[in-house]
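For reference, data-v5.cif is printed below; it contains mmCIF, C-alpha atoms and all ligand atoms.
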```cif
data_model
loop_
_atom_site.label_atom_id
_atom_site.label_comp_id
_atom_site.auth_asym_id
_atom_site.auth_seq_id
_atom_site.Cartn_x
_atom_site.Cartn_y
_atom_site.Cartn_z
CA MET U 8 84.26 138.80 94.80
CA ASN U 9 86.05 135.96 93.14
CA ASN U 10 85.69 132.90 95.38
CA GLU U 11 88.22 130.84 93.41
CA HIS U 12 90.70 133.54 94.14
CA ASN U 13 89.86 133.34 97.84
CA LYS U 14 90.23 129.57 97.99
CA GLN U 15 93.75 129.96 96.72
CA ASN U 16 94.26 132.57 99.46
CA LYS U 17 96.01 134.98 97.13
CA PRO U 18 96.05 138.66 97.96
CA LEU U 19 93.46 140.63 96.02
CA TRP U 20 95.31 143.91 96.25
CA SER U 21 96.64 144.90 92.87
CA GLY U 22 98.09 148.15 94.19
CA TRP U 23 95.16 150.21 92.89
CA LEU U 24 93.32 152.05 95.64
CA SER U 25 89.66 153.02 95.66
CA LYS U 26 87.97 155.51 97.97
CA SER U 27 86.24 152.55 99.67
CA GLN U 28 89.61 150.95 100.41
CA ILE U 29 90.98 154.20 101.80
CA LEU U 30 87.97 154.71 104.05
CA LEU U 31 88.00 151.07 105.17
CA PHE U 32 91.70 151.22 106.07
CA GLU U 33 91.22 154.46 107.99
CA LYS U 34 88.36 152.96 110.01
CA CYS U 35 90.09 149.66 110.67
CA PRO U 36 93.39 148.54 109.09
CA ARG U 37 92.63 144.91 110.06
CA ALA U 38 89.38 144.95 108.05
CA TRP U 39 91.30 146.20 105.01
CA TYR U 40 93.93 143.50 105.52
CA LEU U 41 91.25 140.77 105.73
CA SER U 42 89.60 142.10 102.59
CA LYS U 43 92.53 142.84 100.31
CA ILE U 44 95.52 140.87 101.55
CA LYS U 45 94.07 137.80 103.26
CA ALA U 46 91.25 137.89 100.70
CA VAL U 47 88.58 136.27 102.87
CA PRO U 48 85.05 136.24 101.39
CA PRO U 49 82.98 139.17 102.69
CA GLU U 50 79.68 138.55 104.43
CA GLU U 51 76.74 139.79 102.33
CA LYS U 52 74.94 142.74 103.89
CA LEU U 53 71.38 143.65 102.94
CA HIS U 54 72.04 147.41 102.90
CA LEU U 55 74.76 146.88 100.26
CA ASN U 56 72.38 144.92 98.02
CA ASN U 57 69.76 147.68 98.35
CA GLY U 58 72.37 150.25 97.37
CA ARG U 59 73.33 148.28 94.24
CA ASP U 60 69.66 147.91 93.22
CA VAL U 61 68.84 151.60 93.43
CA HIS U 62 72.04 152.57 91.62
CA SER U 63 71.10 150.36 88.70
CA LEU U 64 67.52 151.70 88.70
CA PHE U 65 68.76 155.31 88.57
CA GLU U 66 71.17 154.40 85.78
CA TRP U 67 68.52 152.49 83.83
CA VAL U 68 66.04 155.40 83.73
CA TYR U 69 68.33 157.34 81.34
CA THR U 70 68.31 154.46 78.89
CA VAL U 71 64.59 155.18 78.37
CA LYS U 72 64.76 158.96 77.85
CA ASP U 73 67.43 161.64 77.55
CA LYS U 74 65.32 164.37 79.13
CA PHE U 75 62.33 164.41 81.46
CA ASN U 76 59.70 167.14 81.41
CA ASP U 77 59.20 167.25 85.16
CA TYR U 78 59.12 165.23 88.36
CA GLU U 79 56.00 163.24 87.31
CA ASP U 80 57.55 162.34 83.97
CA LEU U 81 60.67 161.02 85.67
CA LEU U 82 58.71 159.17 88.36
CA ASN U 83 56.32 157.56 85.85
CA THR U 84 59.31 156.29 83.87
CA LEU U 85 60.89 154.83 87.01
CA LYS U 86 57.60 153.01 87.68
CA ILE U 87 58.02 150.98 84.48
CA ASN U 88 61.00 149.16 85.98
CA LYS U 89 60.17 146.08 88.09
CA MET U 90 62.64 147.22 90.76
CA TYR U 91 60.45 150.27 91.41
CA SER U 92 58.02 148.35 93.62
CA LEU U 93 60.90 147.16 95.83
CA HIS U 94 62.40 150.64 96.24
CA LYS U 95 59.36 152.87 95.78
CA GLN U 96 60.27 155.39 98.47
CA GLN U 97 63.89 155.75 97.32
CA ALA U 98 62.81 156.13 93.66
CA GLU U 99 60.33 158.85 94.59
CA ASN U 100 62.97 160.63 96.66
CA PHE U 101 65.48 160.34 93.81
CA ALA U 102 63.05 162.00 91.39
CA LYS U 103 62.38 164.83 93.88
CA LEU U 104 66.07 165.44 94.59
CA ILE U 105 67.57 165.10 91.12
CA LYS U 106 65.10 167.59 89.63
CA GLU U 107 66.83 170.22 91.80
CA ILE U 108 70.01 169.55 89.78
CA SER U 109 68.92 168.43 86.33
CA LEU U 110 66.16 166.51 84.56
CA SER U 111 68.48 165.70 81.66
CA LYS U 112 70.62 162.66 81.04
CA PRO U 113 74.00 163.03 82.75
CA LEU U 114 77.20 163.09 80.71
CA TYR U 115 78.20 159.77 82.30
CA THR U 116 76.91 157.25 84.79
CA GLU U 117 79.09 154.69 86.57
CA TYR U 118 82.12 156.34 84.99
CA LYS U 119 85.34 154.49 85.78
CA ILE U 120 88.65 156.35 85.95
CA PHE U 121 92.09 154.84 86.50
CA ASN U 122 94.71 157.39 87.51
CA LYS U 123 98.21 155.95 87.28
CA LYS U 124 99.89 158.93 88.93
CA LEU U 125 97.96 158.40 92.16
CA GLY U 126 97.36 154.66 91.74
CA VAL U 127 93.64 155.22 92.26
CA VAL U 128 90.56 153.88 90.54
CA GLY U 129 87.23 155.67 90.97
CA ILE U 130 83.75 154.79 89.78
CA LEU U 131 81.74 158.01 89.68
CA ASP U 132 77.96 157.58 90.03
CA ARG U 133 77.31 160.39 87.58
CA ILE U 134 78.76 163.54 86.03
CA ASP U 135 76.47 166.34 84.89
CA LYS U 136 77.24 169.48 82.93
CA ILE U 137 74.90 172.32 83.83
CA ASN U 138 75.35 175.84 82.48
CA ASP U 139 78.96 175.08 81.57
CA GLU U 140 79.77 173.78 85.07
CA TYR U 141 80.62 170.19 85.84
CA PHE U 142 79.00 168.42 88.79
CA VAL U 143 80.13 165.15 90.38
CA VAL U 144 77.06 163.48 91.83
CA GLU U 145 76.87 160.54 94.22
CA TYR U 146 73.90 158.53 95.46
CA LYS U 147 73.93 157.49 99.12
CA TRP U 148 71.39 155.81 101.37
CA HIS U 149 71.49 157.59 104.77
CA PHE U 150 72.72 160.99 105.83
CA ASN U 151 74.72 161.56 108.99
CA GLU U 152 77.30 164.24 109.77
CA PHE U 153 80.08 161.70 110.37
CA ALA U 154 79.61 159.96 107.01
CA PHE U 155 79.12 163.31 105.25
CA LYS U 156 82.79 164.17 105.87
CA ASP U 157 83.73 160.97 104.02
CA HIS U 158 81.39 161.94 101.19
CA VAL U 159 83.08 165.35 100.85
CA PHE U 160 86.43 163.54 100.61
CA GLU U 161 84.98 161.22 97.97
CA LEU U 162 83.62 164.06 95.85
CA SER U 163 86.88 166.01 96.17
CA LEU U 164 88.87 162.98 95.03
CA TYR U 165 86.46 162.27 92.17
CA SER U 166 86.59 165.92 91.04
CA TRP U 167 90.37 165.68 90.93
CA LEU U 168 90.21 162.38 89.03
CA TYR U 169 87.76 163.77 86.48
CA GLU U 170 89.88 166.89 85.99
CA GLN U 171 92.94 164.75 85.35
CA ASP U 172 90.99 162.49 83.01
CA LYS U 173 89.23 165.15 80.92
CA GLY U 174 91.29 168.33 81.41
CA VAL U 175 88.28 170.34 82.68
CA LYS U 176 87.64 172.05 86.01
CA VAL U 177 85.17 170.52 88.47
CA ASN U 178 84.14 172.71 91.37
CA LYS U 179 80.68 171.44 92.20
CA GLY U 180 79.38 168.28 93.78
CA ALA U 181 76.11 166.89 95.08
CA VAL U 182 75.10 163.98 97.24
CA LEU U 183 71.57 162.58 97.07
CA TYR U 184 70.59 160.69 100.23
CA VAL U 185 67.85 158.69 98.63
CA ASN U 186 66.47 157.02 101.74
CA ASP U 187 66.36 160.20 103.80
CA LYS U 188 65.34 162.57 100.97
CA ILE U 189 68.22 164.95 101.62
CA LEU U 190 70.23 166.79 98.98
CA ARG U 191 73.59 168.30 99.86
CA LEU U 192 75.26 170.60 97.33
CA ILE U 193 78.99 171.06 97.84
CA ASP U 194 81.51 173.60 96.56
CA ILE U 195 84.77 171.80 95.88
CA ASP U 196 87.77 174.11 96.03
CA GLU U 197 91.39 173.46 95.11
CA GLN U 198 92.37 172.94 98.73
CA SER U 199 89.85 170.14 99.29
CA LYS U 200 91.05 168.38 96.10
CA GLN U 201 94.67 168.65 97.25
CA GLU U 202 93.74 167.36 100.72
CA ALA U 203 92.04 164.35 99.13
CA VAL U 204 95.15 163.58 97.07
CA ASP U 205 97.40 163.96 100.13
CA ARG U 206 95.12 161.62 102.07
CA VAL U 207 95.55 158.93 99.42
CA TYR U 208 99.36 159.21 99.59
CA LYS U 209 99.30 159.10 103.39
CA THR U 210 97.04 156.03 103.52
CA ARG U 211 99.09 154.19 100.92
CA GLY U 212 102.22 154.88 103.00
CA GLU U 213 100.54 153.43 106.10
CA MET U 214 99.42 150.33 104.21
CA ILE U 215 102.95 149.67 103.00
CA ARG U 216 104.34 150.28 106.48
CA ASP U 217 101.86 147.81 108.06
CA MET U 218 102.47 145.19 105.39
CA ALA U 219 106.08 144.90 106.45
CA LYS U 220 104.89 143.57 109.84
CA GLY U 221 102.38 140.98 108.56
CA GLU U 222 98.85 140.48 109.90
CA GLU U 223 99.60 141.78 113.39
CA GLY U 224 100.86 144.99 111.84
CA PHE U 225 97.29 145.84 110.83
CA GLU U 226 95.67 147.36 113.89
CA LYS U 227 92.14 146.38 114.91
CA ARG U 228 90.03 149.44 115.63
CA PRO U 229 86.80 148.16 117.14
CA GLY U 230 83.98 150.67 117.05
CA LYS U 231 80.37 151.21 116.14
CA TRP U 232 81.11 150.17 112.54
CA CYS U 233 81.96 146.58 113.65
CA LYS U 234 78.26 145.70 113.31
CA TYR U 235 78.46 146.59 109.59
CA CYS U 236 81.86 144.89 109.10
CA GLN U 237 81.81 142.25 106.37
CA PHE U 238 84.86 140.54 107.89
CA ALA U 239 83.79 140.42 111.55
CA LYS U 240 83.73 136.60 111.72
CA TYR U 241 87.43 136.51 110.81
CA CYS U 242 88.35 139.07 113.46
CA GLN U 243 89.09 137.08 116.61
CA GLY U 244 88.78 138.94 119.89
CA LYS U 245 87.45 142.17 118.46
S1 LIG G 301 85.02 143.50 113.40
FE1 LIG G 301 85.66 145.61 113.91
S2 LIG G 301 87.78 145.40 114.69
FE2 LIG G 301 87.29 143.53 113.56
S3 LIG G 301 88.00 143.84 111.47
FE3 LIG G 301 85.85 144.45 111.52
S4 LIG G 301 85.88 146.65 111.95
FE4 LIG G 301 87.90 145.84 112.48
#
```

Please express the file's structure as structure tokens.
Ligand code: SF4
Amino acid sequence: MNNEHNKQNKPLWSGWLSKSQILLFEKCPRAWYLSKIKAVPPEEKLHLNNGRDVHSLFEWVYTVKDKFNDYEDLLNTLKINKMYSLHKQQAENFAKLIKEISLSKPLYTEYKIFNKKLGVVGILDRIDKINDEYFVVEYKWHFNEFAFKDHVFELSLYSWLYEQDKGVKVNKGAVLYVNDKILRLIDIDEQSKQEAVDRVYKTRGEMIRDMAKGEEGFEKRPGKWCKYCQFAKYCQGK
């Protein structure tokens, strides 16, 4: 977050949408408004920092080797990194889960795609090619059924983005829940990709509609997620 930008109180929204923006708007339009239009500084949340740390650890391990012999080989390499001691359990779970998919270096990690047609930017955690099939793979912290639906949307959107970017078919996805040691493999069909694209268009339409009415146009939707909201202190009377 650029604090200078915030001091000047300029909107941060460039028009590009990310899956996080779409999900935030769907949960609470006011939170999206505070983040992207009013551009208030978000409150730091510990769980977000933990997520960033483990992502960089899982990315770093492939800078050491292109292929691991087995689980122990991967785990012993992770142990070299000083972040391992802070996230020992998650690193061990990662090694156990990823070996079910591949012990080789992915094609890409943290792969950024801008799609002008849809006005979307996506940063894919990793893309693997296994037996001539492409896999979009995401790392998440906790599993729950409610969030899993969002993760299926995310993988469907990312599959579509990767297809548009590279001209290849992507019909497989995986989510590694590295705190809970759960792996979910997902078949991504054409319908789920189309639904993800339609959802982006629909959300963008709602954002534009609400913008015409100013701040009050962005509905507050208080719920259980308020305790995780990075903009709660700016939300009077939630
Ligand atoms: S505190 Fe709750 S109601 Fe207020 S902006 Fe955040 S999510 Fe929305």

List the neighbours of range 76-78 of chain U out to 12 Å using all atoms listed in the file; skip same-chain residues closer than 5 positions along the sequence, and give me the result as a PyMOL selection string.
-> chain U and resi 83-85+98-112

Which one is closest to ligand LIG 301 (chain G): U:Phe150, U:Trp39, U:Trp23, U:Tyr118? Count all atoms listed in the file.
-> U:Trp39

Residues of chain U that approach ligand LIG 301 (chain G) to 12 Å or less, counting all atoms listed in the file: could you list each one with the shortest pair of atoms and its distance in Å to one decimal, rows by chain and increasing residue number, as a tab-separated table?
```
residue	atom	partner	partner_atom	distance
U:Leu30	CA	G:LIG301	S4	11.5
U:Leu31	CA	G:LIG301	S4	8.4
U:Phe32	CA	G:LIG301	FE4	9.2
U:Glu33	CA	G:LIG301	S4	10.3
U:Lys34	CA	G:LIG301	S4	7.1
U:Cys35	CA	G:LIG301	FE4	4.8
U:Pro36	CA	G:LIG301	FE4	7.0
U:Arg37	CA	G:LIG301	S3	5.0
U:Ala38	CA	G:LIG301	S3	3.9
U:Trp39	CA	G:LIG301	S3	7.6
U:Tyr40	CA	G:LIG301	S3	8.4
U:Leu41	CA	G:LIG301	S3	7.3
U:Ser42	CA	G:LIG301	S3	9.2
U:Lys45	CA	G:LIG301	S3	11.9
U:Val47	CA	G:LIG301	S3	11.5
U:Pro49	CA	G:LIG301	FE3	10.7
U:Glu50	CA	G:LIG301	FE3	11.1
U:Glu222	CA	G:LIG301	S3	11.5
U:Glu223	CA	G:LIG301	S3	11.9
U:Phe225	CA	G:LIG301	S3	9.5
U:Glu226	CA	G:LIG301	FE4	8.0
U:Lys227	CA	G:LIG301	S2	4.5
U:Arg228	CA	G:LIG301	S2	4.7
U:Pro229	CA	G:LIG301	S2	3.8
U:Gly230	CA	G:LIG301	FE1	6.2
U:Lys231	CA	G:LIG301	FE1	8.0
U:Trp232	CA	G:LIG301	S4	6.0
U:Cys233	CA	G:LIG301	FE1	3.8
U:Lys234	CA	G:LIG301	S1	7.1
U:Tyr235	CA	G:LIG301	S4	7.8
U:Cys236	CA	G:LIG301	FE3	4.7
U:Gln237	CA	G:LIG301	FE3	6.9
U:Phe238	CA	G:LIG301	FE3	5.4
U:Ala239	CA	G:LIG301	S1	3.8
U:Lys240	CA	G:LIG301	S1	7.2
U:Tyr241	CA	G:LIG301	S3	7.4
U:Cys242	CA	G:LIG301	FE2	4.6
U:Gln243	CA	G:LIG301	FE2	7.4
U:Gly244	CA	G:LIG301	FE2	8.0
U:Lys245	CA	G:LIG301	S2	5.0
```

Write out as a ChimeraX atom specification which residues come within 9 Å of Lys176 in chain U when counting all atoms listed in the file, dropping same-chain ones fewer than 2 positions away.
-> /U:140-141,166-167,169-170,173-174,178

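The space separating CA of Asp139 in chain U from CA of Glu66 in chain U comes to 22.5 Å.
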
Out of U:Gly221, U:Gly212, U:Ser163, U:Asp157, which residue has the shortest atom-to-atom distance to Gln198 in chain U when counting all atoms listed in the file?
-> U:Ser163

Counting all atoms listed in the file, select every polymer residue within 10 Å of (69.0, 159.4, 102.9) as defined in the file's coordinates, and provide the selection as number ranges by chain.
-> U: 97, 100-101, 146-151, 182-190

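Residue nearest Ser92 in chain U within the list U:Met218, U:Val61, U:Leu114, U:Leu164: U:Val61 [criterion: smallest interatomic distance, only C-alpha atoms].
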
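Pairwise distance (CA of Leu81 in chain U, CA of Phe65 in chain U) equals 10.3 Å.
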
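One finds CA of Lys74 in chain U at 13.5 Å from CA of Lys136 in chain U.
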
Incomplete range 15-46 of chain U filled out to N, CA and C atoms as a short mmCIF file (atom, residue, chain, number, x, y, z; two decimals), in the frame of the given file:
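This went into part11.cif:
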```cif
data_model
loop_
_atom_site.label_atom_id
_atom_site.label_comp_id
_atom_site.auth_asym_id
_atom_site.auth_seq_id
_atom_site.Cartn_x
_atom_site.Cartn_y
_atom_site.Cartn_z
N GLN U 15 92.30 130.07 96.89
CA GLN U 15 93.75 129.96 96.72
C GLN U 15 94.49 130.88 97.70
N ASN U 16 93.72 131.68 98.44
CA ASN U 16 94.26 132.57 99.46
C ASN U 16 95.34 133.50 98.91
N LYS U 17 95.07 134.01 97.71
CA LYS U 17 96.01 134.98 97.13
C LYS U 17 95.55 136.38 97.46
N PRO U 18 96.48 137.29 97.71
CA PRO U 18 96.05 138.66 97.96
C PRO U 18 95.26 139.22 96.77
N LEU U 19 94.24 140.02 97.09
CA LEU U 19 93.46 140.63 96.02
C LEU U 19 93.99 142.00 95.66
N TRP U 20 94.90 142.53 96.46
CA TRP U 20 95.31 143.91 96.25
C TRP U 20 96.27 144.01 95.07
N SER U 21 95.82 144.75 94.07
CA SER U 21 96.64 144.90 92.87
C SER U 21 97.56 146.11 93.00
N GLY U 22 97.35 146.90 94.06
CA GLY U 22 98.09 148.15 94.19
C GLY U 22 97.21 149.35 93.90
N TRP U 23 96.11 149.13 93.14
CA TRP U 23 95.16 150.21 92.89
C TRP U 23 94.35 150.45 94.15
N LEU U 24 94.16 151.71 94.49
CA LEU U 24 93.32 152.05 95.64
C LEU U 24 92.01 152.67 95.17
N SER U 25 90.95 152.36 95.90
CA SER U 25 89.66 153.02 95.66
C SER U 25 89.32 153.84 96.90
N LYS U 26 88.35 154.71 96.78
CA LYS U 26 87.97 155.51 97.97
C LYS U 26 87.44 154.57 99.05
N SER U 27 86.77 153.48 98.66
CA SER U 27 86.24 152.55 99.67
C SER U 27 87.39 151.90 100.44
N GLN U 28 88.46 151.55 99.73
CA GLN U 28 89.61 150.95 100.41
C GLN U 28 90.25 151.94 101.38
N ILE U 29 90.36 153.17 100.94
CA ILE U 29 90.98 154.20 101.80
C ILE U 29 90.15 154.39 103.07
N LEU U 30 88.84 154.50 102.89
CA LEU U 30 87.97 154.71 104.05
C LEU U 30 87.95 153.49 104.96
N LEU U 31 87.98 152.30 104.36
CA LEU U 31 88.00 151.07 105.17
C LEU U 31 89.29 151.00 105.99
N PHE U 32 90.42 151.27 105.35
CA PHE U 32 91.70 151.22 106.07
C PHE U 32 91.73 152.23 107.21
N GLU U 33 91.22 153.43 106.94
CA GLU U 33 91.22 154.46 107.99
C GLU U 33 90.36 154.04 109.19
N LYS U 34 89.24 153.39 108.90
CA LYS U 34 88.36 152.96 110.01
C LYS U 34 88.99 151.80 110.76
N CYS U 35 89.53 150.83 110.02
CA CYS U 35 90.09 149.66 110.67
C CYS U 35 91.09 148.98 109.72
N PRO U 36 92.38 149.16 109.97
CA PRO U 36 93.39 148.54 109.09
C PRO U 36 93.23 147.02 109.00
N ARG U 37 92.78 146.38 110.11
CA ARG U 37 92.63 144.91 110.06
C ARG U 37 91.53 144.51 109.06
N ALA U 38 90.46 145.26 109.01
CA ALA U 38 89.38 144.95 108.05
C ALA U 38 89.91 145.05 106.62
N TRP U 39 90.71 146.06 106.35
CA TRP U 39 91.30 146.20 105.01
C TRP U 39 92.22 145.02 104.70
N TYR U 40 93.02 144.63 105.70
CA TYR U 40 93.93 143.50 105.52
C TYR U 40 93.13 142.23 105.19
N LEU U 41 92.05 141.98 105.96
CA LEU U 41 91.25 140.77 105.73
C LEU U 41 90.63 140.80 104.33
N SER U 42 90.23 141.97 103.90
CA SER U 42 89.60 142.10 102.59
C SER U 42 90.59 141.97 101.44
N LYS U 43 91.67 142.70 101.49
CA LYS U 43 92.53 142.84 100.31
C LYS U 43 93.79 141.98 100.34
N ILE U 44 94.27 141.65 101.49
CA ILE U 44 95.52 140.87 101.55
C ILE U 44 95.21 139.41 101.88
N LYS U 45 94.43 139.18 102.93
CA LYS U 45 94.07 137.80 103.26
C LYS U 45 92.98 137.29 102.32
N ALA U 46 92.24 138.21 101.73
CA ALA U 46 91.25 137.89 100.70
C ALA U 46 90.19 136.90 101.17
#
```
